[in-house]
Amino acid sequence: MTAISLKPKGSREADNPSRNERPKRPLNIWLLVRVAIVLCGAVMMVAPFMIMVSTSLEPNTATLPNPPHFLPQTLTSANYEEAWTENNFAGFFGNSAYVSVLTTVASVVISSMTAFAFARFDFPLKNFMFSLLLAGLMIPGIVVIVPQFVLAKSLNMLDSLEGLVFFYTAGQIAFTTFLLRAFFERVPRELDEAMTVDGAGILRKFLVLYIPLARPALATAAVFSFLGAWDEYVWALTVISDATKRTLPLGIAAFQGEHSTAWGLVFAASTLAVIPVIAVYVAGQKHLIAGITTGAVK
Amino acid sequence: MMKKLFTLSSLALLAAAGLTACDTGGGGAQPAAVSTLSTGAAVSGEITFWHAYSAGGGEIKALEKTIIPNFEKLHPGVKVKAVQIPDKDMHQKLVTAAAGTSLPDVIRADIVTVPELAKIGVLTPLSEAMPDFQSWADKMFPGPLATNKYNGKLWGLPLDTNTKVVIYNDEALKANGIASVPKTLDELKAAADKVGGKYILAEGGSGAWQMLPYIWSNGGDMTDPDVKKSSGYLNGPKSVAALQMIVDLYNKKAIPGVILGGSGGTPTGDGLPKGMYPTIVDGPWTFPNMATSYPNFQPKTSPMFSGDGGSVSVVGGEDIVMTQQSKNKELAAEFIRYMLSPDAQKSMGQVGQLSAEKDMAESMASIQPYYGAFLEQLKTAKPRPATPQWAKVDDIFTKQTQLALQGKLSAQEAMDAAVAQIDPLLAQG
């Protein structure tokens, strides 16, 4: 950590009197540059979001306002009412929640066990199998969509929400296993051995030692799995035809027509869809950043 | 890998199609009499219908609340499951479903995709599946009907159609000193010279959908009538002259940069009502779109700018087709008949879908006054070349016209280069 940084009061630096007593520096040019960069980034992230919310609160139009409105000019909730009621949106919301929660639970449970095995056991072809798992991450999903579709059909998983969970979980566990393995490997072997001395078995060690210690990584894995399932479009589009089984991304796409798009409805629906995502992020944020950094650096 | 899989699955499908063809062909027997709309009843079961009608514009409501319930009332006990698929994803969903033998019975397919679907063995030719096919085909405008042609057969029927005409802003023209809208390509050029440095026309892209009306109207063409070769047509003097005219207008800044596609710039549907672009060439959907965003603006129409080839615009729209995999072809055929019936066509006409049937022209024009101009233009409008390779052909053409607009190639060089790439594709059929 360099001496010049933006730190709120009460942070570690504030607790350190020797640092606080240093002579005040003149306005640091680098500090300004850094603030400016961060501000630019923030504006770039927030602007589309503001346009989305603002357009969703204006009367529905077929063309987007040009230049875009950052604040609504005439307020109306009509888009939200129509988006929620007209197109079975509440149903899509429920479908997405069901699929995303089940995918999250399934992928975290499966990948934590897989990662534990990769991190703490030795077995033949271990590294090969792990490479195989990672290879799965490197193949773009669209390449395997046709054989995967044929597989889903033979498993009777077309037009089925549980079928979505099955394939989403399969898609997620490679990454979450990779993330969790790195975390489990950092758990000191001494702790593990101490529990062995106390007579603890593998299951007990896994549940009492590894899982609680890996909370940040588990939170990260959970957030990624949730978002992956919540946002996924192409696979859902391919396997879901029944209108009652649509997930949110499919429901939102349905507002876009060939020659015209009901932008007010698209943005109202997108705003509603983004709320759970923000909630999940806020809830998991504290663990999320810790999880990503520890997972990245072994 | 993807390509290989598609080829394999296409081959499998083709083989399957061939086998079934042999089965029915061997006996030489006609299928059992199919009930028609006039005789009612005798169909049963359930079919699935895939479409890309828009939810925003009332099309889905017309389909799900009026047309399908009426059809089901007409044939008690039958069920039509309608599935909406976003337009831009329809193609991907169709090819995946074709490989997984999970296609629906009936599809509302974009006209440019029909030859490709026919080629990969997805469709059953309607001319063979419907005994009364000819009577339906005779009702259609020739341009939309021709979009169903592939390999000497007609694979579907036009479900709805559209074309583009000149739409103009009278005030913007007058403000620039142009007394009346240009009727011919020559008048357009003269008007561009007169306004000197101001926009006279806006096009939202430089693909075949945008450029072909100029090429055809100037007397040029993209391919020979059989769609076997483009050399001598697309790089012929008339086609090149049409493209050169567009390039010249662009260089004189009489056409705005939105013609190069991409983002930025005012879209044609905004620029016209705002008075930035005095004329655009666009379809009937422009009217409801502008009516919601610019309620005070009164767009006016005029036929496509004419030249040596006449006033020739391009046909858009959708065809209705039946799949080879359909297990209930009788009901599928009956549903197709109903979708083409005056009742269903009028319901769709109310929400912006123009009928491709000649008898319907009058009732369409009475639904929306602005339909009249499009119906008139449809009499001479031509479809884009019907080839399974269309997506690639259009891509090559668009890239070359962009190079010409950017001044990197002359119009002649650009079209020579396009022809060199397009001809081998057309040869594959």
# chains A, B, ... in the order shown; residues from 1 in each chain; ligands from 1
$ residues_around --residues "B:Ala202" --least-positions-apart "4" --cutoff "10 Å" --atoms "only C-alpha atoms" --output "PyMOL selection string"
chain B and resi 250+254-259+266-269+271-272+276-282
$ residues_around --residues "A:Phe89" --least-positions-apart "5" --cutoff "7 Å" --atoms "only C-alpha atoms" --output "mmCIF file with all heavy atoms, in the first residue's frame"
data_model
loop_
_atom_site.group_PDB
_atom_site.id
_atom_site.type_symbol
_atom_site.label_atom_id
_atom_site.label_comp_id
_atom_site.auth_asym_id
_atom_site.auth_seq_id
_atom_site.Cartn_x
_atom_site.Cartn_y
_atom_site.Cartn_z
ATOM 1 N N ALA A 83 -45.302 -4.448 -18.404
ATOM 2 C CA ALA A 83 -44.284 -5.495 -18.458
ATOM 3 C C ALA A 83 -44.609 -6.611 -17.463
ATOM 4 O O ALA A 83 -44.430 -7.786 -17.751
ATOM 5 C CB ALA A 83 -42.913 -4.911 -18.164
ATOM 6 N N TRP A 84 -45.107 -6.226 -16.304
ATOM 7 C CA TRP A 84 -45.350 -7.217 -15.254
ATOM 8 C C TRP A 84 -46.576 -8.061 -15.541
ATOM 9 O O TRP A 84 -46.586 -9.251 -15.265
ATOM 10 C CB TRP A 84 -45.477 -6.511 -13.893
ATOM 11 C CG TRP A 84 -45.500 -7.469 -12.755
ATOM 12 C CD1 TRP A 84 -46.594 -7.889 -12.055
ATOM 13 C CD2 TRP A 84 -44.376 -8.144 -12.173
ATOM 14 N NE1 TRP A 84 -46.214 -8.784 -11.080
ATOM 15 C CE2 TRP A 84 -44.864 -8.958 -11.133
ATOM 16 C CE3 TRP A 84 -43.012 -8.150 -12.444
ATOM 17 C CZ2 TRP A 84 -44.027 -9.767 -10.351
ATOM 18 C CZ3 TRP A 84 -42.177 -8.952 -11.665
ATOM 19 C CH2 TRP A 84 -42.697 -9.743 -10.639
ATOM 20 N N GLY A 251 -37.979 -13.751 -21.780
ATOM 21 C CA GLY A 251 -39.143 -12.876 -21.662
ATOM 22 C C GLY A 251 -38.819 -11.468 -22.138
ATOM 23 O O GLY A 251 -39.615 -10.823 -22.819
#
$ interface_residues --of "chain A" --to "chain B" --cutoff "9 Å" --atoms "only C-alpha atoms" --output "VMD selection string"
chain A and resid 60 to 66 87 142 to 147 149 to 151 153 234 237 to 239 241 to 243 250 253 to 262 265
$ select_by_dssp --residues "stretch 102-213 of chain A" --states "helix (DSSP H, G or I)" --output "PyMOL selection string"
chain A and resi 102-120+126-138+141-154+161-186+189-197+202-213
$ atom_distance --atom1 "atom CA of A:Ala283" --atom2 "atom CA of A:Ser100"
15.8 Å
$ residues_around --residues "B:Ser239" --least-positions-apart "5" --cutoff "6 Å" --atoms "only C-alpha atoms" --output "list of chain:residue names"
B:Ile215, B:Gly220, B:Leu234
$ write_last_selection --atoms "N, CA, C and O atoms" --output "PDB file, in the first residue's frame"
ATOM      1  N   ILE B 215     -30.334  -0.538 -57.716  1.00  0.00           N
ATOM      2  CA  ILE B 215     -29.753  -1.324 -58.811  1.00  0.00           C
ATOM      3  C   ILE B 215     -30.843  -1.767 -59.789  1.00  0.00           C
ATOM      4  O   ILE B 215     -30.730  -1.591 -60.998  1.00  0.00           O
ATOM      5  N   GLY B 220     -30.274  -2.623 -63.545  1.00  0.00           N
ATOM      6  CA  GLY B 220     -29.261  -3.641 -63.245  1.00  0.00           C
ATOM      7  C   GLY B 220     -29.875  -4.827 -62.522  1.00  0.00           C
ATOM      8  O   GLY B 220     -31.093  -4.897 -62.327  1.00  0.00           O
ATOM      9  N   LEU B 234     -24.129  -8.250 -61.416  1.00  0.00           N
ATOM     10  CA  LEU B 234     -23.801  -7.333 -60.325  1.00  0.00           C
ATOM     11  C   LEU B 234     -22.671  -6.384 -60.717  1.00  0.00           C
ATOM     12  O   LEU B 234     -22.632  -5.245 -60.266  1.00  0.00           O
TER      13      LEU B 234
END
$ atom_distance --atom1 "atom CA of A:Leu207" --atom2 "atom CA of A:Ile278"
29.5 Å
$ atom_distance --atom1 "atom CA of A:Ala221" --atom2 "atom CA of A:Val282"
14.7 Å
$ decode --residues "stretch 258-282 of chain B" --atoms "N, CA and C atoms" --output "PDB file, in the first residue's frame"
ATOM      1  N   VAL B 258     -24.910   7.335 -41.803  1.00  0.00           N
ATOM      2  CA  VAL B 258     -25.584   6.135 -41.274  1.00  0.00           C
ATOM      3  C   VAL B 258     -25.632   5.021 -42.314  1.00  0.00           C
ATOM      4  N   ILE B 259     -25.367   5.359 -43.568  1.00  0.00           N
ATOM      5  CA  ILE B 259     -25.364   4.331 -44.623  1.00  0.00           C
ATOM      6  C   ILE B 259     -24.262   3.307 -44.386  1.00  0.00           C
ATOM      7  N   LEU B 260     -23.217   3.705 -43.659  1.00  0.00           N
ATOM      8  CA  LEU B 260     -22.128   2.754 -43.380  1.00  0.00           C
ATOM      9  C   LEU B 260     -22.450   1.836 -42.209  1.00  0.00           C
ATOM     10  N   GLY B 261     -23.657   1.977 -41.657  1.00  0.00           N
ATOM     11  CA  GLY B 261     -24.053   1.114 -40.553  1.00  0.00           C
ATOM     12  C   GLY B 261     -23.320   1.505 -39.285  1.00  0.00           C
ATOM     13  N   GLY B 262     -23.199   0.549 -38.384  1.00  0.00           N
ATOM     14  CA  GLY B 262     -22.537   0.854 -37.125  1.00  0.00           C
ATOM     15  C   GLY B 262     -23.408   1.751 -36.270  1.00  0.00           C
ATOM     16  N   SER B 263     -22.849   2.222 -35.168  1.00  0.00           N
ATOM     17  CA  SER B 263     -23.662   3.033 -34.269  1.00  0.00           C
ATOM     18  C   SER B 263     -23.327   4.510 -34.478  1.00  0.00           C
ATOM     19  N   GLY B 264     -24.037   5.343 -33.801  1.00  0.00           N
ATOM     20  CA  GLY B 264     -23.832   6.780 -33.964  1.00  0.00           C
ATOM     21  C   GLY B 264     -24.625   7.266 -35.155  1.00  0.00           C
ATOM     22  N   GLY B 265     -24.840   8.556 -35.238  1.00  0.00           N
ATOM     23  CA  GLY B 265     -25.646   9.094 -36.325  1.00  0.00           C
ATOM     24  C   GLY B 265     -27.110   8.953 -35.989  1.00  0.00           C
ATOM     25  N   THR B 266     -27.922   9.792 -36.620  1.00  0.00           N
ATOM     26  CA  THR B 266     -29.357   9.746 -36.342  1.00  0.00           C
ATOM     27  C   THR B 266     -29.992   8.674 -37.216  1.00  0.00           C
ATOM     28  N   PRO B 267     -30.741   7.733 -36.610  1.00  0.00           N
ATOM     29  CA  PRO B 267     -31.413   6.710 -37.423  1.00  0.00           C
ATOM     30  C   PRO B 267     -32.396   7.352 -38.401  1.00  0.00           C
ATOM     31  N   THR B 268     -32.648   6.661 -39.511  1.00  0.00           N
ATOM     32  CA  THR B 268     -33.516   7.233 -40.549  1.00  0.00           C
ATOM     33  C   THR B 268     -34.912   7.564 -39.996  1.00  0.00           C
ATOM     34  N   GLY B 269     -35.420   6.701 -39.121  1.00  0.00           N
ATOM     35  CA  GLY B 269     -36.757   6.904 -38.565  1.00  0.00           C
ATOM     36  C   GLY B 269     -36.858   8.104 -37.629  1.00  0.00           C
ATOM     37  N   ASP B 270     -35.718   8.621 -37.177  1.00  0.00           N
ATOM     38  CA  ASP B 270     -35.706   9.838 -36.361  1.00  0.00           C
ATOM     39  C   ASP B 270     -35.395  11.059 -37.210  1.00  0.00           C
ATOM     40  N   GLY B 271     -34.469  10.858 -38.167  1.00  0.00           N
ATOM     41  CA  GLY B 271     -34.002  11.984 -38.980  1.00  0.00           C
ATOM     42  C   GLY B 271     -35.087  12.542 -39.881  1.00  0.00           C
ATOM     43  N   LEU B 272     -35.981  11.655 -40.353  1.00  0.00           N
ATOM     44  CA  LEU B 272     -37.037  12.110 -41.262  1.00  0.00           C
ATOM     45  C   LEU B 272     -38.021  13.046 -40.539  1.00  0.00           C
ATOM     46  N   PRO B 273     -38.640  12.597 -39.445  1.00  0.00           N
ATOM     47  CA  PRO B 273     -39.579  13.501 -38.766  1.00  0.00           C
ATOM     48  C   PRO B 273     -38.905  14.761 -38.217  1.00  0.00           C
ATOM     49  N   LYS B 274     -37.618  14.662 -37.866  1.00  0.00           N
ATOM     50  CA  LYS B 274     -36.927  15.841 -37.349  1.00  0.00           C
ATOM     51  C   LYS B 274     -36.553  16.823 -38.456  1.00  0.00           C
ATOM     52  N   GLY B 275     -36.714  16.390 -39.715  1.00  0.00           N
ATOM     53  CA  GLY B 275     -36.404  17.290 -40.819  1.00  0.00           C
ATOM     54  C   GLY B 275     -34.942  17.270 -41.231  1.00  0.00           C
ATOM     55  N   MET B 276     -34.148  16.392 -40.625  1.00  0.00           N
ATOM     56  CA  MET B 276     -32.739  16.310 -41.009  1.00  0.00           C
ATOM     57  C   MET B 276     -32.584  15.632 -42.366  1.00  0.00           C
ATOM     58  N   TYR B 277     -33.393  14.583 -42.572  1.00  0.00           N
ATOM     59  CA  TYR B 277     -33.348  13.850 -43.835  1.00  0.00           C
ATOM     60  C   TYR B 277     -34.671  14.086 -44.552  1.00  0.00           C
ATOM     61  N   PRO B 278     -34.648  14.733 -45.735  1.00  0.00           N
ATOM     62  CA  PRO B 278     -35.920  14.987 -46.414  1.00  0.00           C
ATOM     63  C   PRO B 278     -36.585  13.711 -46.933  1.00  0.00           C
ATOM     64  N   THR B 279     -35.778  12.709 -47.372  1.00  0.00           N
ATOM     65  CA  THR B 279     -36.389  11.473 -47.882  1.00  0.00           C
ATOM     66  C   THR B 279     -35.662  10.249 -47.308  1.00  0.00           C
ATOM     67  N   ILE B 280     -36.424   9.180 -47.125  1.00  0.00           N
ATOM     68  CA  ILE B 280     -35.842   7.877 -46.793  1.00  0.00           C
ATOM     69  C   ILE B 280     -36.583   6.835 -47.633  1.00  0.00           C
ATOM     70  N   VAL B 281     -36.027   5.639 -47.721  1.00  0.00           N
ATOM     71  CA  VAL B 281     -36.734   4.552 -48.416  1.00  0.00           C
ATOM     72  C   VAL B 281     -36.959   3.471 -47.367  1.00  0.00           C
ATOM     73  N   ASP B 282     -38.225   3.266 -46.989  1.00  0.00           N
ATOM     74  CA  ASP B 282     -38.464   2.341 -45.871  1.00  0.00           C
ATOM     75  C   ASP B 282     -39.824   1.663 -45.976  1.00  0.00           C
TER      76      ASP B 282
END
